[in-house]
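Trainee: Got a structure here, written out as structure tokens. Questions coming.
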Amino acid sequence: MASGGNGGGGRVIRVLNVAEKPSVAKAVSGILSRNQGGGMRVRDGRSRYNKIFEFNYTIRNQPCQMLFTSVTGHLMELEFDDRFRKWHSCDPLHLYDAPVRKYVPQDKLDIKRTLEEEARGCQWIILWLDCDREGENIAFEVLEVCRQANHNLNVWRARFSALIDREIHQSVQTLVQPNQLFSDAVDVRQEIDLRIGASFTRFQTMLLRDAFVLDFATDDRNLVLSYGPCQFPTLGFVVERYWEIQAHEPEEFWTINCTHNFDEGSATFNWMRGHLFDYTCAVTIYEMCIQEPTATVSKVKQQEKLKYPPHPLSTIELEKRASRYFRMSSEQTMKVAEDLYQNGFISYPRTETDCFSEKTDLRRVYELVVRHFLACVSKPAVGAETTVEIDIAGESFFACGRVILAKNYLDVYRFESWGGSVIPTYTFGQQFIPRSLTLDSGVTRPPPLLSEADLLGCMDKAGIGTDATMHDHIKKLLDRFYAIKDSSTRFSPTKLGEALVMGYDDMGYELWKPYLRAMMECDMKAVSMGTKRKTEVLETCLQQMKACFLDARANKGKLFEAMAIFFERSNRSSGGEQQVVGDVVRRCGLCLESDMVLRQKPDGNFMVGCLGYPQCRNVVWLPGSLSEASVTENTCTSCGPGLVYKIQFRFRRLEIPPNYSAQHIGCIGGCDDILRQLVGICGTGSRSSSNTFGRGRGNPTASSSAQRGNSRAQGSCAYCRQTGHLSNDCPSQASRSCTARSQEVDLQNGLENLQSLVIHVERLAICALPILPATGEESSFHVNHGSAIFSFGKIPSVEVSAQILLRPLAAEEVVVAKVLQIPVVCHLCQQQVNQ
DNA sequence: GCAAGGTC
């Protein structure tokens with residue numbers, strides 16, 4: 001370490017030390033002051049929680065007078081400028097550009113004053129914040145406050161991972177500089193979370209709250225329908241499982257069971273085949289067994305089995321187990337853990353625990369923590385397990401028996417058990433006649449609703465929230481009336497929660513899935529590693545989310561439709577008008593039976609839909625920026641079959657780019673470039689699976705709200721959304737890949753038809769950037785493919801709008817990427833995957 | 001009245 005500019009020689013310098021929480025300030029001061037002359041003194045700061053410890057210490061031969069205080073987590077918060085704070089102060093869209101500022105909230109002002117006062121009298125500052133990204137960000141918050149009070153501070157960062165003597169002494173002798181990149185990554189997260197959260201929350205609250213009778217809320221005028229990048233995916237997990245259960249169709253299966261009794265006892269033998277769904281097949285085998293029922297022992301295996309104690313308790317594991325064993329909510333568990341920590345019984349509950357108090361306490365969480373610790377350091381339980389296999393008429397059956405030899409850790413860990421079962425002794429080749437041989441039937445059952453432990457597991461796996469915040473997100477679902485928890489701590493969505501997820505799902509968005517958060521996490525990592533710049537990530541992400549927001553707003557009809565399934569319309573809003581039957585635009589090319597007419601939806605968006613609805617769901621959605629539309633008497637000379645009447649459009653000036661005219665006479669038959677471009681820029685009134693401008697493939701009913709229930713389950717096919725098979729086995733896959741192949745050939749043969757390709761990509765995308773990159777311009781965007789993130793590199797020499805996909809890449813998209821010669825590179829292995 | 005992240 002360089003010698004401090006204000007230090008030098010033997011003169012004692014004053015060093016301000018700041019920890020993230022009072023307990024760390026106290027613990028580190030205790031370690032550093034031990035065996036130092038003068039001992040340790042404590043005095044109050046302006047905040048009653050954050051004391052100041054004083055002692056002498058020598059850093060690299062420099063005698064120091066150490067002042068050690070703390071903050072309590074983040075010192076600052078990010079907020080919009082005052083003029084954007086009120087909900088009706090601006091269009092929520094502006095929250096993507098509105099100025100934001102960091103400020104010290106009222107309840108942290110006393111800590112700020114302490115820091116300012118103490119910093120004035122010091123030459124050095126050592127930042128002892130936790131060594132993670134949030135800690136680094138807090139370090140810069142502390143620094144900002146202290147530097148304003150004293151410009152000449154010499155700044156150092158202590159890196160430590162445990163509050164043990166050796167590590168603390170070593171870290172203070174090898175001080176480093178704070179890491180700006182780590183802090184930048186947190187700045188990015190904060191700003192994105194704030195802008196997305198506030199814009200979508202205001203949007204959906206103001207859109208839906210007054211439009212429907214939300215009977216569950218006592219005061220629905222003050223209800224907030226919040227959206228957040230963590231709370232919504234958490235809700236998504238709950239809804240997805242709920243839909244999976246709804247979609248489950250019980251299926252009868254058949255199994256053969258065999259029992260054997262003799263002097264030593266009895267045994268139940270299970271059929272090696274498990275069960276069969278084919279009754280005829282099961283009956284045939286059963287009859288074979290009945291005719292030759294003599295059982296011959298074909299295998300006897302004896303082995304020692306160990307049951308291992310649990311791993312040390314992490315915060316999430318503590319929450320899961322308390323929920324499983326005691327049915328305590330994760331929020332309640334964290335409250336108790338916090339209390340135990342405050343009273344000195346357990347170590348800090350929000351980070352991994354590596355020390356345990358010897359004191360005892362009757363509180364259940366404490367008992368769990370202690371017993372868990374004791375189990376961790378105990379020996380595994382030991383059992384002797386016997387497996388016997390028998391043969392009856394060529395069919396195999398097996399039975400297992402277990403004797404517990406030593407309970408070991410199970411003695412102390414009373415929350416777990418290991419059942420034993422005794423079976424008689426069998427020898428190889430032994431024969432016997434079973435006591436019973438039965439053909440039994442059963443039905444498949446759906447998975448259970450998600451338990452709190454399941455939900456925590458899903459969040460943990462998907463990286464939603466941190467160990468300190470997961471329980472908050474779960475509680476938020478309950479507080480917002482998005483989900484309920486039943487008496488067995490299992491979660492199901494409320495009508496509101498289901499409607500919101502359904503609405504976004506019908507738009508084709510996966511805003512309720514964890515991919516967005518995963519992508520943000522990926523970007524944050526890139527910022528903290530220095531491979532991407534903070535401004536670049538912020539700009540890209542917010543631009544994409546703004547486009548997504550615009551698109552969601554243009555498709556708000558889908559949210560309306562989903563809400564209307566569950567709730568009565570309210571007379572408080574003006575959105576309840578009936579749809580008017582409009583003028584005929586053309587004959588429907590899908591059902592060939594009805595006319596397509598121009599209509600304005602209750603939410604204001606325009607569409608050209610088939611009068612054969614609901615039997616025929618052919619629809620063409622028009623740009624979201626339309627204020628008026630009327631069918632003219634002019635017909636298009638290039639589109640067909642049959643007459644296609646042109647439409648007079650009037651667009652909202654502020655919602656279209658300046659180089660487009662607000663008045664336009666256009667055609668929906670597919671020839672109109674201007675209309676197509678405006679759809680690309682402004683989005684449409686819907687993103688239903690029906691095609692835009694009547695092109696491309698479309699399963700006209702795939703995402704219809706009316707089909708809900710059976711089509712959304714996790715177990716349903718990702719391609720056709722039908723149940724009964726997964727995407728791997730999709731019967732439509734064969735024809736689908738043929739389509740993809742022929743399309744590939746078509747496209748390769750005639751890349752002049754690029755417009756349809758652009759539309760094709762758009763239709764599949766979750767949200768489209770409104771800005772078209774210039775031809776050949778370098779750009780990049782990400783694609784989440786299963787668990788891997790792909791990035792599209794150079795935009796090829798065609799005009800195609802950049803996309804951001806928040807879901808796995810479909811086969812057709814891979815073809816599109818291939819045809820466009822877009823390299824798809826795996827972020828994880830850096831290999832090109834579509835060569 | 002919005003987010004998520006610290007911690008009291």
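To be explicit about the labels: the chains of the structure tokens are called A, B, and onward in the order shown, and within each one the residues are counted from 1, while ligands get numbers from 1 in the order they are shown.
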Hey, list the chain B side of the contact with chain A: 6 Å cut-off, only C-alpha atoms (C1' of nucleotides), answer as a list in words.

Mentor: DC2, DA3, DG6 and DT7 of chain B

Trainee: Taking the DSSP secondary structure from the backbone, can you list the residues of range 133-342 of chain A that are strand (DSSP E or B), as JSON, numbers by chain?

Mentor: {"A": [154, 155, 156, 157, 176, 212, 252, 253, 254, 255, 256, 257, 258, 259, 260, 261, 262, 265, 266, 267, 268, 269, 270, 271, 276, 295, 296, 297, 298, 299, 300, 301, 302, 303, 304, 305, 306, 307]}

Trainee: CA of Ala162 in chain A and CA of Arg43 in chain A, how far apart in Å?

Mentor: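 Going from CA of Arg43 in chain A over to CA of Ala162 in chain A, I get 25.2 Å.
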
Trainee: Do a neighbour search on Thr280 in chain A at 12 Å with only C-alpha atoms (C1' of nucleotides), toss out local chain neighbours closer than 5 positions, and write the hits as a ChimeraX atom specification.

Mentor: /A:253-255,285-287,439

Trainee: Please provide as a ChimeraX atom specification all residues within 10 Å of range 153-161 of chain A, with the sequence filter that same-chain residues fewer than 4 positions apart are discarded (counting only C-alpha atoms (C1' of nucleotides)).

Mentor: /A:1,3-7,15-19,119-132,136,139,143,146-149,167-179

Trainee: For CA of Leu405 in chain A and CA of Pro309 in chain A, quote the distance in Å rounded to one decimal.

Mentor: 15.5 Å

Trainee: Quick one, how far is CA of Ala247 in chain A from CA of Pro493 in chain A?

Mentor: 15.1 Å

Trainee: Please identify all polymer residues within 8 Å of range 388-398 of chain A, counting only C-alpha atoms (C1' of nucleotides), omitting same-chain residues fewer than 5 positions from it, and present them as a list in words.

Mentor: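 The neighbour list is Cys258, Phe269, Asn270, Trp271, Met272, Arg273, Ile285, Met288, Cys289, Glu292, Pro293, Thr294, Ala295, Thr296, Val297, Ser298, Lys299, Val300, Lys301 and Tyr426 of chain A.
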
Trainee: Export, as an mmCIF file, in the first residue's frame, the selected residues with N, CA and C atoms.

Mentor:
data_model
loop_
_atom_site.group_PDB
_atom_site.id
_atom_site.type_symbol
_atom_site.label_atom_id
_atom_site.label_comp_id
_atom_site.auth_asym_id
_atom_site.auth_seq_id
_atom_site.Cartn_x
_atom_site.Cartn_y
_atom_site.Cartn_z
ATOM 1 N N CYS A 258 -48.048 -58.033 -5.510
ATOM 2 C CA CYS A 258 -47.878 -59.401 -5.022
ATOM 3 C C CYS A 258 -47.506 -59.360 -3.546
ATOM 4 N N PHE A 269 -44.388 -57.190 -2.774
ATOM 5 C CA PHE A 269 -43.534 -57.067 -3.960
ATOM 6 C C PHE A 269 -44.199 -56.150 -4.983
ATOM 7 N N ASN A 270 -43.388 -55.196 -5.487
ATOM 8 C CA ASN A 270 -43.907 -54.268 -6.509
ATOM 9 C C ASN A 270 -43.494 -54.739 -7.891
ATOM 10 N N TRP A 271 -44.363 -54.425 -8.834
ATOM 11 C CA TRP A 271 -44.117 -54.823 -10.223
ATOM 12 C C TRP A 271 -42.952 -54.009 -10.783
ATOM 13 N N MET A 272 -41.993 -54.661 -11.381
ATOM 14 C CA MET A 272 -40.822 -53.978 -11.922
ATOM 15 C C MET A 272 -41.211 -53.003 -13.042
ATOM 16 N N ARG A 273 -42.315 -53.311 -13.740
ATOM 17 C CA ARG A 273 -42.756 -52.415 -14.821
ATOM 18 C C ARG A 273 -43.405 -51.142 -14.280
ATOM 19 N N ILE A 285 -50.800 -59.887 -19.111
ATOM 20 C CA ILE A 285 -49.656 -60.254 -18.262
ATOM 21 C C ILE A 285 -50.144 -60.828 -16.929
ATOM 22 N N MET A 288 -51.226 -64.340 -17.228
ATOM 23 C CA MET A 288 -50.053 -65.234 -17.310
ATOM 24 C C MET A 288 -49.533 -65.547 -15.912
ATOM 25 N N CYS A 289 -49.506 -64.533 -15.076
ATOM 26 C CA CYS A 289 -49.002 -64.721 -13.703
ATOM 27 C C CYS A 289 -49.936 -65.630 -12.897
ATOM 28 N N GLU A 292 -49.464 -69.268 -13.781
ATOM 29 C CA GLU A 292 -48.228 -69.874 -13.243
ATOM 30 C C GLU A 292 -47.740 -69.015 -12.088
ATOM 31 N N PRO A 293 -48.402 -69.118 -10.941
ATOM 32 C CA PRO A 293 -48.134 -68.163 -9.863
ATOM 33 C C PRO A 293 -46.883 -68.445 -9.034
ATOM 34 N N THR A 294 -46.186 -69.521 -9.300
ATOM 35 C CA THR A 294 -45.019 -69.828 -8.473
ATOM 36 C C THR A 294 -43.944 -68.750 -8.646
ATOM 37 N N ALA A 295 -43.508 -68.188 -7.491
ATOM 38 C CA ALA A 295 -42.468 -67.149 -7.517
ATOM 39 C C ALA A 295 -41.111 -67.779 -7.246
ATOM 40 N N THR A 296 -40.108 -67.347 -8.023
ATOM 41 C CA THR A 296 -38.744 -67.829 -7.804
ATOM 42 C C THR A 296 -37.865 -66.628 -7.473
ATOM 43 N N VAL A 297 -37.121 -66.704 -6.364
ATOM 44 C CA VAL A 297 -36.242 -65.588 -5.980
ATOM 45 C C VAL A 297 -35.075 -65.544 -6.959
ATOM 46 N N SER A 298 -34.968 -64.409 -7.683
ATOM 47 C CA SER A 298 -33.924 -64.315 -8.715
ATOM 48 C C SER A 298 -32.726 -63.483 -8.266
ATOM 49 N N LYS A 299 -32.907 -62.707 -7.198
ATOM 50 C CA LYS A 299 -31.790 -61.871 -6.761
ATOM 51 C C LYS A 299 -32.007 -61.468 -5.303
ATOM 52 N N VAL A 300 -30.944 -61.532 -4.507
ATOM 53 C CA VAL A 300 -31.007 -61.020 -3.135
ATOM 54 C C VAL A 300 -29.794 -60.124 -2.948
ATOM 55 N N LYS A 301 -30.038 -58.858 -2.688
ATOM 56 C CA LYS A 301 -28.915 -57.929 -2.548
ATOM 57 C C LYS A 301 -28.986 -57.288 -1.160
ATOM 58 N N TYR A 426 -34.822 -64.176 2.444
ATOM 59 C CA TYR A 426 -35.002 -64.980 1.223
ATOM 60 C C TYR A 426 -33.640 -65.482 0.745
#

Trainee: What parts of range 131-321 of chain A does DSSP call helix (DSSP H, G or I)? I'd like the answer as a ChimeraX atom specification.

Mentor: /A:133-149,165-173,180-208,220-222,231-247,279-291,315-321
